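upload_7.cif, holding mmCIF, C-alpha atoms:
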data_start
#
loop_
_atom_site.label_atom_id
_atom_site.label_comp_id
_atom_site.auth_asym_id
_atom_site.auth_seq_id
_atom_site.Cartn_x
_atom_site.Cartn_y
_atom_site.Cartn_z
CA MET C 289 75.95 108.36 67.04
CA ASN C 290 77.71 105.28 65.62
CA ASN C 291 78.68 102.34 67.88
CA GLN C 292 81.00 99.60 66.66
CA ILE C 293 82.90 96.70 68.23
CA VAL C 294 86.17 96.15 66.35
CA TYR C 295 89.39 94.16 66.53
CA PHE C 296 92.80 95.76 66.15
CA ASN C 297 93.43 94.63 62.56
CA GLU C 298 90.31 96.47 61.33
CA PHE C 299 90.43 99.30 63.85
CA GLN C 300 93.45 101.11 62.38
CA ASN C 301 92.00 101.80 58.94
CA LEU C 302 88.57 102.64 60.36
CA PHE C 303 89.95 105.04 62.96
CA ALA C 304 92.29 106.77 60.46
CA THR C 305 89.33 107.33 58.12
CA ILE C 306 87.15 108.83 60.86
CA ILE C 307 89.79 111.10 62.39
CA LYS C 308 91.43 112.11 59.11
CA ASN C 309 92.94 115.57 59.52
CA ASP C 310 95.96 117.52 58.30
CA VAL C 311 97.33 118.11 61.83
CA ILE C 312 96.87 114.63 63.33
CA SER C 313 99.65 113.05 61.31
CA LYS C 314 100.48 109.50 60.29
CA GLU C 315 103.48 109.65 62.67
CA PHE C 316 101.13 110.33 65.58
CA LEU C 317 98.73 107.57 64.54
CA ASP C 318 101.60 105.05 64.28
CA GLN C 319 102.70 105.90 67.82
CA PHE C 320 99.09 105.82 69.03
CA TYR C 321 98.51 102.33 67.57
CA GLU C 322 101.73 101.10 69.21
CA PHE C 323 100.64 102.57 72.55
CA LEU C 324 97.11 101.12 72.64
CA PRO C 325 97.93 97.51 73.65
CA SER C 326 99.99 98.84 76.57
CA ILE C 327 96.98 100.57 78.12
CA PHE C 328 96.35 97.41 80.21
CA HIS C 329 99.84 97.29 81.72
CA TYR C 330 100.28 100.65 83.40
CA GLU C 331 101.08 100.58 87.10
CA GLU C 332 103.05 102.65 89.58
CA GLU C 333 104.44 101.14 92.79
CA SER C 334 102.31 98.02 92.07
CA GLU C 335 99.14 100.16 91.80
CA LYS C 336 97.16 99.59 88.61
CA ILE C 337 96.50 102.78 86.63
CA ASN C 338 93.42 103.23 84.44
CA ILE C 339 94.55 105.51 81.65
CA ASP C 340 92.03 108.24 80.72
CA LEU C 341 93.23 110.14 77.67
CA ILE C 342 91.83 112.85 75.41
CA VAL C 343 93.42 114.03 72.16
CA ILE C 344 92.17 117.33 70.76
CA LEU C 345 92.97 120.11 68.32
CA ASP C 346 93.76 123.47 70.00
CA ILE C 347 92.56 122.75 73.53
CA ASP C 348 92.79 126.41 74.60
CA LYS C 349 90.23 127.41 72.00
CA VAL C 350 87.90 124.61 73.09
CA LEU C 351 88.20 125.47 76.80
CA GLU C 352 87.03 129.02 76.11
CA LYS C 353 83.58 127.40 75.85
CA SER C 354 84.08 125.00 78.80
CA LYS C 355 84.94 127.19 81.78
CA SER C 356 84.51 124.41 84.35
CA TYR C 357 87.71 122.66 83.27
CA LYS C 358 91.11 123.16 84.85
CA LYS C 359 94.04 122.52 82.54
CA ILE C 360 97.65 122.07 83.74
CA LYS C 361 100.22 122.16 80.95
CA LEU C 362 103.13 119.80 81.66
CA ALA C 363 105.18 119.57 78.45
CA ASN C 364 105.32 120.37 74.77
CA GLU C 365 107.25 119.08 71.74
CA THR C 366 107.54 119.79 68.05
CA LEU C 367 105.41 117.61 65.82
CA ASN C 368 108.57 116.01 64.40
CA ASN C 369 109.93 115.08 67.82
CA MET C 370 106.86 113.83 69.71
CA ASN C 371 107.00 110.74 71.90
CA ILE C 372 103.49 110.11 73.18
CA ARG C 373 104.23 106.83 74.97
CA LYS C 374 106.95 108.43 77.12
CA LYS C 375 104.72 111.37 78.05
CA ILE C 376 101.67 109.24 78.83
CA LYS C 377 103.80 107.00 81.04
CA SER C 378 105.09 110.05 82.96
CA PHE C 379 101.63 111.53 83.56
CA ALA C 380 99.64 108.28 84.01
CA PRO C 381 99.53 108.34 87.86
CA PHE C 382 97.35 111.48 87.74
CA CYS C 383 94.56 109.39 86.15
CA ASN C 384 93.94 107.63 89.47
CA ASN C 385 93.10 111.00 91.02
CA GLY C 386 90.37 111.82 88.52
CA TRP C 387 92.49 113.72 86.01
CA LYS C 388 92.59 113.07 82.28
CA ILE C 389 95.80 113.22 80.28
CA TYR C 390 95.39 115.53 77.30
CA ILE C 391 97.35 115.78 74.08
CA SER C 392 96.62 118.94 72.11
CA PHE C 393 97.74 119.62 68.55
CA TYR C 394 98.63 123.02 67.17
CA ASP C 395 100.11 123.95 63.80
CA LYS C 396 103.73 123.11 64.64
CA GLU C 397 103.72 121.57 68.09
CA VAL C 398 101.98 119.16 70.41
CA GLU C 399 101.16 120.02 74.03
CA TYR C 400 100.72 117.57 76.93
CA GLY C 401 99.12 118.01 80.31
CA ILE C 402 96.32 116.99 82.64
CA LEU C 403 92.71 118.12 82.68
CA LYS C 404 89.78 117.93 85.09
CA ASN C 405 86.16 119.02 85.05
CA PHE C 406 85.07 120.60 88.36
CA ALA C 407 81.40 121.17 87.48
CA GLY C 408 80.08 117.74 88.50
CA ILE C 409 78.95 114.64 86.67
CA ASN C 410 75.85 116.22 85.14
CA SER C 411 77.71 119.08 83.44
CA LEU C 412 78.60 119.25 79.75
CA THR C 413 81.96 117.74 78.80
CA ILE C 414 84.52 118.71 76.19
CA MET C 415 83.07 116.05 73.90
CA ASP C 416 79.74 117.93 74.03
CA THR C 417 81.39 121.03 72.54
CA PRO C 418 80.12 121.57 68.96
CA ARG C 419 82.43 121.58 65.95
CA ILE C 420 85.58 120.15 67.46
CA ILE C 421 87.95 117.38 66.42
CA ALA C 422 88.83 115.19 69.38
CA PHE C 423 88.87 111.65 70.65
CA LYS C 424 89.12 110.10 74.09
CA VAL C 425 90.46 106.71 75.14
CA LYS C 426 89.58 104.73 78.25
CA LYS C 427 89.90 101.10 79.36
CA ILE C 428 86.46 99.82 80.33
CA ASP C 429 86.99 96.07 80.71
CA LYS C 430 89.70 93.40 80.82
CA ASN C 431 90.36 93.47 77.07
CA ILE C 432 88.13 96.34 75.90
CA VAL C 433 89.12 99.95 75.22
CA GLU C 434 86.46 102.58 74.50
CA ILE C 435 87.49 105.17 71.92
CA GLN C 436 85.01 108.00 71.38
CA VAL C 437 85.67 110.18 68.34
CA LYS C 438 84.07 113.61 67.87
CA LYS C 439 84.46 115.30 64.51
CA ASP C 440 82.35 118.40 63.98
CA LYS C 441 78.86 117.26 65.11
CA GLU C 442 79.27 113.53 64.59
CA ILE C 443 80.27 111.10 67.38
CA HIS C 444 81.64 107.60 66.80
CA ASN C 445 82.01 105.10 69.65
CA LEU C 446 84.52 102.35 68.89
CA TYR C 447 84.90 99.46 71.33
CA LEU C 448 88.29 97.95 70.61
CA ASN C 449 88.79 94.31 71.61
CA LEU C 450 92.52 93.79 72.20
CA SER C 451 92.43 90.15 73.31
CA ILE C 452 93.75 88.97 69.93
CA THR C 453 96.44 91.64 69.92
CA LYS C 454 97.71 90.55 73.34
CA ARG C 455 97.91 86.96 72.14
CA GLU C 456 99.73 88.06 68.98
CA ILE C 457 102.29 89.93 71.13
CA LYS C 458 103.01 86.71 73.03
CA ASP C 459 103.30 84.65 69.84
CA SER C 460 105.62 87.23 68.31
CA ARG C 461 107.79 87.25 71.44
CA LYS C 462 108.11 83.46 71.25
CA GLU C 463 109.29 83.65 67.62
CA ASN C 464 111.79 86.40 68.40
CA ILE C 465 113.21 84.55 71.41
CA ILE C 466 113.80 81.51 69.19
CA LYS C 467 115.76 83.72 66.78
CA LEU C 468 117.65 85.28 69.71
CA VAL C 469 118.69 81.90 71.13
CA ASP C 470 119.68 80.55 67.72
CA CYS C 471 122.01 83.52 67.32
CA PHE C 472 123.22 83.20 70.93
CA THR C 473 124.30 79.58 70.24
CA LYS C 474 125.51 80.04 66.67
CA ASP C 475 129.09 78.97 67.43
CA LEU C 476 128.10 75.90 69.49
CA LYS C 477 127.43 73.60 66.54
CA ASP C 478 127.75 69.83 66.86
CA LYS C 479 127.77 69.92 70.64
CA ASN C 480 126.17 66.97 72.41
CA SER C 481 123.83 68.98 74.62
CA LEU C 482 123.08 71.87 72.27
CA LYS C 483 119.42 71.11 71.56
CA GLN C 484 118.63 70.62 75.26
CA PHE C 485 120.47 73.84 76.13
CA GLN C 486 118.61 75.82 73.46
CA ASP C 487 115.23 74.53 74.62
CA ASN C 488 116.10 75.28 78.24
CA ILE C 489 117.16 78.86 77.49
CA LYS C 490 114.17 79.51 75.21
CA ASN C 491 111.68 78.39 77.85
CA TYR C 492 113.45 80.30 80.61
CA LEU C 493 113.61 83.55 78.63
CA TYR C 494 110.02 83.28 77.37
CA PHE C 495 108.58 83.14 80.88
CA ASN C 496 111.11 85.62 82.27
CA PHE C 497 110.36 88.16 79.52
CA GLU C 498 106.72 88.22 80.66
CA LYS C 499 107.89 90.12 83.74
CA ILE C 500 110.62 92.47 82.55
CA HIS C 501 110.07 96.17 81.85
CA GLY C 502 111.68 96.15 78.40
CA THR C 503 115.17 95.26 77.24
CA ILE C 504 117.81 95.43 74.51
CA ILE C 505 120.06 92.41 73.95
CA THR C 506 122.89 92.37 71.43
CA ILE C 507 124.69 89.26 70.19
CA VAL C 508 128.28 89.61 68.99
CA ASP C 509 130.65 87.21 67.23
CA SER C 510 132.56 85.13 69.79
CA ASN C 511 135.60 85.10 67.50
CA GLN C 512 136.05 88.88 67.56
CA PRO C 513 137.00 91.29 70.36
CA ILE C 514 134.22 93.48 71.76
CA ASP C 515 133.83 96.60 69.63
CA TYR C 516 134.64 99.96 71.24
CA TYR C 517 130.99 100.89 70.59
CA PHE C 518 129.88 98.69 73.53
CA ILE C 519 132.43 99.59 76.23
CA ASN C 520 130.34 102.22 78.05
CA GLY C 521 128.96 99.89 80.72
CA ILE C 522 129.80 96.78 82.73
CA ILE C 523 132.01 94.40 80.74
CA LEU C 524 132.77 91.16 82.58
CA GLU C 525 136.46 90.46 83.01
CA GLU C 526 135.63 86.76 82.75
CA PRO C 527 132.54 86.04 80.60
CA ILE C 528 129.91 83.69 82.02
CA ASN C 529 129.70 80.68 79.73
CA LEU C 530 126.13 79.44 80.21
CA TYR C 531 126.56 76.49 77.87
CA GLN C 532 129.52 75.20 79.87
CA GLU C 533 127.49 75.59 83.06
CA PHE C 534 124.65 73.65 81.42
CA GLU C 535 127.00 70.80 80.45
CA ASN C 536 128.27 70.66 84.02
CA TYR C 537 124.66 70.60 85.22
CA GLN C 538 123.76 67.72 82.89
CA SER C 539 126.80 65.73 84.01
CA SER C 540 125.86 66.26 87.64
CA CYS C 541 122.42 64.77 87.02
CA LEU C 542 124.12 61.40 86.52
CA GLU C 543 125.93 61.60 89.85
CA LEU C 544 124.75 61.58 93.44
CA ASN C 545 125.16 64.47 95.86
CA GLN C 546 125.79 67.06 93.13
CA SER C 547 122.82 69.38 93.77
CA ASN C 548 125.21 72.32 94.15
CA ILE C 549 126.03 72.07 90.41
CA SER C 550 122.34 72.38 89.55
CA GLU C 551 121.99 75.34 91.87
CA LYS C 552 125.03 76.99 90.28
CA TYR C 553 123.63 76.64 86.75
CA TYR C 554 120.27 78.18 87.61
CA SER C 555 121.99 80.90 89.59
CA MET C 556 124.01 81.77 86.48
CA ILE C 557 120.82 81.80 84.40
CA GLY C 558 119.43 84.11 87.07
CA VAL C 559 122.30 86.51 86.39
CA LEU C 560 121.09 86.75 82.79
CA SER C 561 117.46 87.31 83.84
CA ARG C 562 118.55 90.17 86.12
CA ALA C 563 120.95 91.67 83.59
CA VAL C 564 118.29 92.01 80.87
CA ASP C 565 115.98 93.86 83.28
CA ILE C 566 118.60 96.50 84.13
CA ASP C 567 118.69 99.74 82.14
CA GLY C 568 120.99 99.70 79.14
CA VAL C 569 122.07 96.99 76.71
CA THR C 570 122.92 93.39 77.62
CA LEU C 571 125.84 91.99 75.59
CA LEU C 572 126.00 88.26 74.75
CA SER C 573 128.32 86.26 72.52
CA SER C 574 127.45 83.65 69.89
CA LYS C 575 129.12 81.00 72.10
CA GLY C 576 126.49 81.12 74.84
CA GLU C 577 128.31 83.70 76.96
CA ILE C 578 127.24 86.72 78.98
CA LEU C 579 129.79 89.44 78.17
CA GLY C 580 128.33 92.51 79.83
CA PHE C 581 125.25 94.55 80.74
CA ASN C 582 124.10 98.05 81.75
CA ILE C 583 125.79 99.30 78.57
CA PHE C 584 124.74 102.69 77.21
CA ILE C 585 125.01 103.94 73.66
CA ASP C 586 126.40 107.43 73.21
CA ASP C 587 123.88 109.41 71.13
CA LYS C 588 125.21 112.92 71.61
CA ASN C 589 126.01 113.16 67.91
CA GLU C 590 122.75 111.58 66.80
CA SER C 591 119.74 113.63 65.69
CA LYS C 592 116.74 112.58 67.78
CA ASP C 593 114.44 113.59 64.91
CA THR C 594 115.62 110.70 62.75
CA ILE C 595 113.95 107.93 64.79
CA VAL C 596 110.47 108.06 66.30
CA GLY C 597 110.13 106.54 69.76
CA GLY C 598 111.61 106.47 73.23
CA SER C 599 115.24 106.17 74.28
CA ARG C 600 115.18 102.34 74.14
CA THR C 601 113.77 102.40 70.61
CA ARG C 602 116.32 104.99 69.45
CA ALA C 603 119.20 103.07 71.03
CA THR C 604 118.10 99.84 69.35
CA HIS C 605 117.98 101.40 65.88
CA LYS C 606 121.31 103.12 66.48
CA ILE C 607 122.89 99.74 67.28
CA ILE C 608 121.36 98.13 64.19
CA LYS C 609 122.81 100.91 61.99
CA SER C 610 126.10 101.21 63.89
CA ASN C 611 128.32 98.91 61.77
CA ALA C 612 129.89 97.73 65.05
CA LYS C 613 132.40 94.96 64.38
CA GLY C 614 131.16 91.46 65.07
CA LEU C 615 127.51 92.46 65.61
CA LEU C 616 125.25 89.51 64.73
CA GLY C 617 121.81 90.39 66.06
CA VAL C 618 119.70 92.68 68.25
CA TYR C 619 116.65 91.77 70.35
CA PHE C 620 114.29 94.56 71.42
CA GLN C 621 111.34 94.39 73.81
CA SER C 622 109.30 97.39 74.88
CA GLU C 623 107.74 97.88 78.28
CA ASP C 624 104.36 96.66 77.03
CA GLY C 625 105.78 93.46 75.53
CA TYR C 626 106.18 94.40 71.84
CA SER C 627 109.36 92.77 70.51
CA PHE C 628 111.47 92.13 67.44
CA PHE C 629 114.78 90.48 66.58
CA GLU C 630 116.98 91.96 63.88
CA GLU C 631 119.67 89.75 62.37
CA ILE C 632 122.70 91.76 61.24
CA LYS C 633 124.13 90.40 58.03
CA ASP C 634 127.69 91.03 56.96
CA GLU C 635 127.41 92.99 53.73
CA GLN C 636 131.13 92.86 52.97
#

Encoding of this model in structure tokens:
Amino acid sequence: MNNQIVYFNEFQNLFATIIKNDVISKEFLDQFYEFLPSIFHYEEESEKINIDLIVILDIDKVLEKSKSYKKIKLANETLNNMNIRKKIKSFAPFCNNGWKIYISFYDKEVEYGILKNFAGINSLTIMDTPRIIAFKVKKIDKNIVEIQVKKDKEIHNLYLNLSITKREIKDSRKENIIKLVDCFTKDLKDKNSLKQFQDNIKNYLYFNFEKIHGTIITIVDSNQPIDYYFINGIILEEPINLYQEFENYQSSCLELNQSNISEKYYSMIGVLSRAVDIDGVTLLSSKGEILGFNIFIDDKNESKDTIVGGSRTRATHKIIKSNAKGLLGVYFQSEDGYSFFEEIKDEQ
């Protein structure tokens, strides 16, 4: 048995080498690596959930030798259309009742479900079964995930320290919010209060984005009408100009008895913080305006096999490739905090 403590940057190559197999594909490993940092954030109705996951080749064949297990199949997908994060999120609450989530690979499909051993704590487990390929994942401490890999007769215990990864996610979010705000204020050049406004928005969004459950924000050119691509949602009849509200707020600071102006500005900022936490896309202009929110992208003509990931990920990449008129940038943040900002450059 091999025991190793590793950090995320070295874990990926090491794990891929150990688990190397024709069925467990690179696409699965990429999704698995993206999922791992989120293992600390799962909760349902404010109840923390300790994910307990096992990934195995042909679970039915293995369970023929482990009769004490009860398996409940809940879903299946083709290998080309798997979305492990979405499935794990759906089944996670079962883990607090002693069930494990399982992912089982077959030649052309992947099966999901829950699994429990009813023979007691002293009985043999699936990982004791000889000549199998499997690995299990469980959070064991604040920043530590235990990953036990069984391949044939050999067992590897990897203790993955994700503290650095969590810090990197925060640093990356900060960089992407800076890019987002720069794009959001692109058409406010040479304004007296621009720098103060940018700093105010950056700080507000950075702390607010710690609490949201994922978002998509698109920035469009303030000098062009909203493209038809973005009309399936709530479009404000009168956009909320946050920069103008900020200028009013700054002016009020020089006067007495104008606290209502301050309250109005932060209430308008609050509209933005709520909008980005609602399902769908939030639409902003490059002049510091909120244009709309709760906007959904029609994907009925889009092949879901072309993009790996959940609905938010697919929608984001659809927007980036949409050629929508006036599109300047797209900010994406997943439920576990992973983010990126994509600037859209005019290629004409």

To one decimal place in Å, what is the distance between atom CA of Val569 of chain C and atom CA of Arg600 of chain C?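 It comes out at 9.1 Å.
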
Apply the PyMOL selection byres ((chain C and resi 444) around 9) to the displayed file and report the matching residues as a list in words.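 Written out, the selection comes to Met289, Asn290, Asn291, Gln292, Ile306, Ile435, Gln436, Val437, Lys438, Lys439, Glu442, Ile443, Asn445 and Leu446 of chain C.
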
Running the PyMOL selection byres ((chain C and resi 535) around 10) on this model by hand, what would come out? Give it as a ChimeraX atom specification. /C:479-482,484-485,530-534,536-540,553

Given the file above and the PyMOL selection byres ((chain C and resi 628) around 10), which residues are selected, and can you give them as an MDAnalysis selection string? chainID C and resid 460:461 463:465 467:468 618:622 625:627 629:631

Residues within 9 Å of (96.8, 116.7, 64.6), counting all atoms listed in the file, listed as a VMD selection string: chain C and resid 308 to 313 316 343 to 345 367 392 to 395 398

Tell me which protein, DNA and RNA residues are within 9 Å of Ile585 of chain C, counting all atoms listed in the file, leaving out same-chain ones fewer than 2 positions away, and put them as a PDB file with C-alpha atoms, in the frame of the given file.
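Contents of the output file result_12.pdb:
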ATOM      1  CA  TYR C 517     130.990 100.890  70.590  1.00  0.00           C
ATOM      2  CA  PHE C 518     129.880  98.690  73.530  1.00  0.00           C
ATOM      3  CA  ILE C 519     132.430  99.590  76.230  1.00  0.00           C
ATOM      4  CA  ASN C 520     130.340 102.220  78.050  1.00  0.00           C
ATOM      5  CA  GLY C 568     120.990  99.700  79.140  1.00  0.00           C
ATOM      6  CA  VAL C 569     122.070  96.990  76.710  1.00  0.00           C
ATOM      7  CA  ILE C 583     125.790  99.300  78.570  1.00  0.00           C
ATOM      8  CA  ASP C 587     123.880 109.410  71.130  1.00  0.00           C
ATOM      9  CA  ALA C 603     119.200 103.070  71.030  1.00  0.00           C
ATOM     10  CA  LYS C 606     121.310 103.120  66.480  1.00  0.00           C
ATOM     11  CA  ILE C 607     122.890  99.740  67.280  1.00  0.00           C
TER      12      ILE C 607
END

Identify, on the basis of all atoms listed in the file, every residue whose closest approach to Asn582 of chain C does not exceed 7 Å; exclude the query and any residue fewer than 3 positions from it along the same chain; express the result as a ChimeraX atom specification. /C:521-522,566-570

Using atom CA of Arg562 of chain C and atom CA of Tyr492 of chain C as the two end points, give the distance in Å to one decimal.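 Straight-line distance from atom CA of Arg562 of chain C to atom CA of Tyr492 of chain C works out to 12.4 Å.
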
Rows by chain and residue number, segment 469-514 of chain C within 7 Å of segment 572-575 of chain C, shortest pair, all atoms listed in the file, as a Markdown table:
| residue | atom | partner | partner_atom | distance |
| --- | --- | --- | --- | --- |
| C:Cys471 | CA | C:Ser574 | CA | 6.0 |
| C:Phe472 | CA | C:Ser574 | CA | 4.4 |
| C:Thr473 | CA | C:Ser574 | CA | 5.2 |
| C:Lys474 | CA | C:Ser574 | CA | 5.2 |
| C:Asp475 | CA | C:Lys575 | CA | 5.1 |
| C:Leu476 | CA | C:Lys575 | CA | 5.8 |
| C:Thr506 | CA | C:Leu572 | CA | 6.1 |
| C:Ile507 | CA | C:Leu572 | CA | 4.8 |
| C:Val508 | CA | C:Ser573 | CA | 4.9 |
| C:Asp509 | CA | C:Ser574 | CA | 5.5 |
| C:Ser510 | CA | C:Ser573 | CA | 5.2 |

Restricting the calculation to all atoms listed in the file: of C:Ile337, C:Met556, C:Ala422, C:Ile372, which residue gets closest to Asp318 of chain C? C:Ile372

Among listed residues C:Val469, C:Leu302, C:Ile457, C:Ile578, nearest Gly617 of chain C (using all atoms listed in the file):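 Distance minimum relative to Gly617 of chain C lands on C:Val469.
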
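Closest approach to Lys424 of chain C among C:Ile514, C:Ala612, C:Ile342, C:Leu524 is made by C:Ile342 (distances from all atoms listed in the file).
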
When you count only C-alpha atoms, which of these residues is closest to Asn449 of chain C: C:Val294, C:Ile505, C:Leu616, C:Ala563?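 For Asn449 of chain C, the nearest of the given residues is C:Val294.
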
What does the distance between atom CA of Ile528 of chain C and atom CA of Glu577 of chain C come to in Å, to one decimal place? 5.3 Å

Among listed residues C:Glu623, C:Asp348, C:Leu341, C:Ile549, nearest His501 of chain C (using all atoms listed in the file):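 Among the listed residues, C:Glu623 lies closest to His501 of chain C.
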
Complete the atoms of segment 300-318 of chain C to N, CA and C atoms and put them out as an mmCIF file, in the coordinates of the input.
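part_31.cif, freshly written:
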data_model
loop_
_atom_site.group_PDB
_atom_site.id
_atom_site.type_symbol
_atom_site.label_atom_id
_atom_site.label_comp_id
_atom_site.auth_asym_id
_atom_site.auth_seq_id
_atom_site.Cartn_x
_atom_site.Cartn_y
_atom_site.Cartn_z
ATOM 1 N N GLN C 300 92.525 100.083 62.827
ATOM 2 C CA GLN C 300 93.450 101.110 62.380
ATOM 3 C C GLN C 300 92.951 101.873 61.153
ATOM 4 N N ASN C 301 92.503 101.140 60.146
ATOM 5 C CA ASN C 301 92.000 101.800 58.940
ATOM 6 C C ASN C 301 90.719 102.574 59.224
ATOM 7 N N LEU C 302 89.839 101.987 60.035
ATOM 8 C CA LEU C 302 88.570 102.640 60.360
ATOM 9 C C LEU C 302 88.815 103.931 61.125
ATOM 10 N N PHE C 303 89.677 103.868 62.133
ATOM 11 C CA PHE C 303 89.950 105.040 62.960
ATOM 12 C C PHE C 303 90.612 106.143 62.127
ATOM 13 N N ALA C 304 91.589 105.787 61.295
ATOM 14 C CA ALA C 304 92.290 106.770 60.460
ATOM 15 C C ALA C 304 91.319 107.473 59.518
ATOM 16 N N THR C 305 90.334 106.738 59.017
ATOM 17 C CA THR C 305 89.330 107.330 58.120
ATOM 18 C C THR C 305 88.444 108.315 58.866
ATOM 19 N N ILE C 306 88.039 107.961 60.079
ATOM 20 C CA ILE C 306 87.150 108.830 60.860
ATOM 21 C C ILE C 306 87.864 110.101 61.292
ATOM 22 N N ILE C 307 89.096 109.976 61.776
ATOM 23 C CA ILE C 307 89.790 111.100 62.390
ATOM 24 C C ILE C 307 90.597 111.909 61.377
ATOM 25 N N LYS C 308 90.571 111.518 60.135
ATOM 26 C CA LYS C 308 91.430 112.110 59.110
ATOM 27 C C LYS C 308 91.482 113.634 59.215
ATOM 28 N N ASN C 309 92.733 114.142 59.320
ATOM 29 C CA ASN C 309 92.940 115.570 59.520
ATOM 30 C C ASN C 309 94.378 115.910 59.172
ATOM 31 N N ASP C 310 94.606 117.134 58.726
ATOM 32 C CA ASP C 310 95.960 117.520 58.300
ATOM 33 C C ASP C 310 96.933 117.625 59.462
ATOM 34 N N VAL C 311 96.439 117.911 60.680
ATOM 35 C CA VAL C 311 97.330 118.110 61.830
ATOM 36 C C VAL C 311 97.649 116.794 62.523
ATOM 37 N N ILE C 312 96.640 115.933 62.708
ATOM 38 C CA ILE C 312 96.870 114.630 63.330
ATOM 39 C C ILE C 312 97.531 113.736 62.277
ATOM 40 N N SER C 313 98.829 113.622 62.370
ATOM 41 C CA SER C 313 99.650 113.050 61.310
ATOM 42 C C SER C 313 99.721 111.532 61.381
ATOM 43 N N LYS C 314 100.258 110.947 60.315
ATOM 44 C CA LYS C 314 100.480 109.500 60.290
ATOM 45 C C LYS C 314 101.481 109.099 61.366
ATOM 46 N N GLU C 315 102.494 109.950 61.631
ATOM 47 C CA GLU C 315 103.480 109.650 62.670
ATOM 48 C C GLU C 315 102.812 109.516 64.037
ATOM 49 N N PHE C 316 101.865 110.425 64.311
ATOM 50 C CA PHE C 316 101.130 110.330 65.580
ATOM 51 C C PHE C 316 100.302 109.059 65.624
ATOM 52 N N LEU C 317 99.588 108.750 64.550
ATOM 53 C CA LEU C 317 98.730 107.570 64.540
ATOM 54 C C LEU C 317 99.553 106.297 64.728
ATOM 55 N N ASP C 318 100.741 106.226 64.102
ATOM 56 C CA ASP C 318 101.600 105.050 64.280
ATOM 57 C C ASP C 318 101.988 104.870 65.742
#
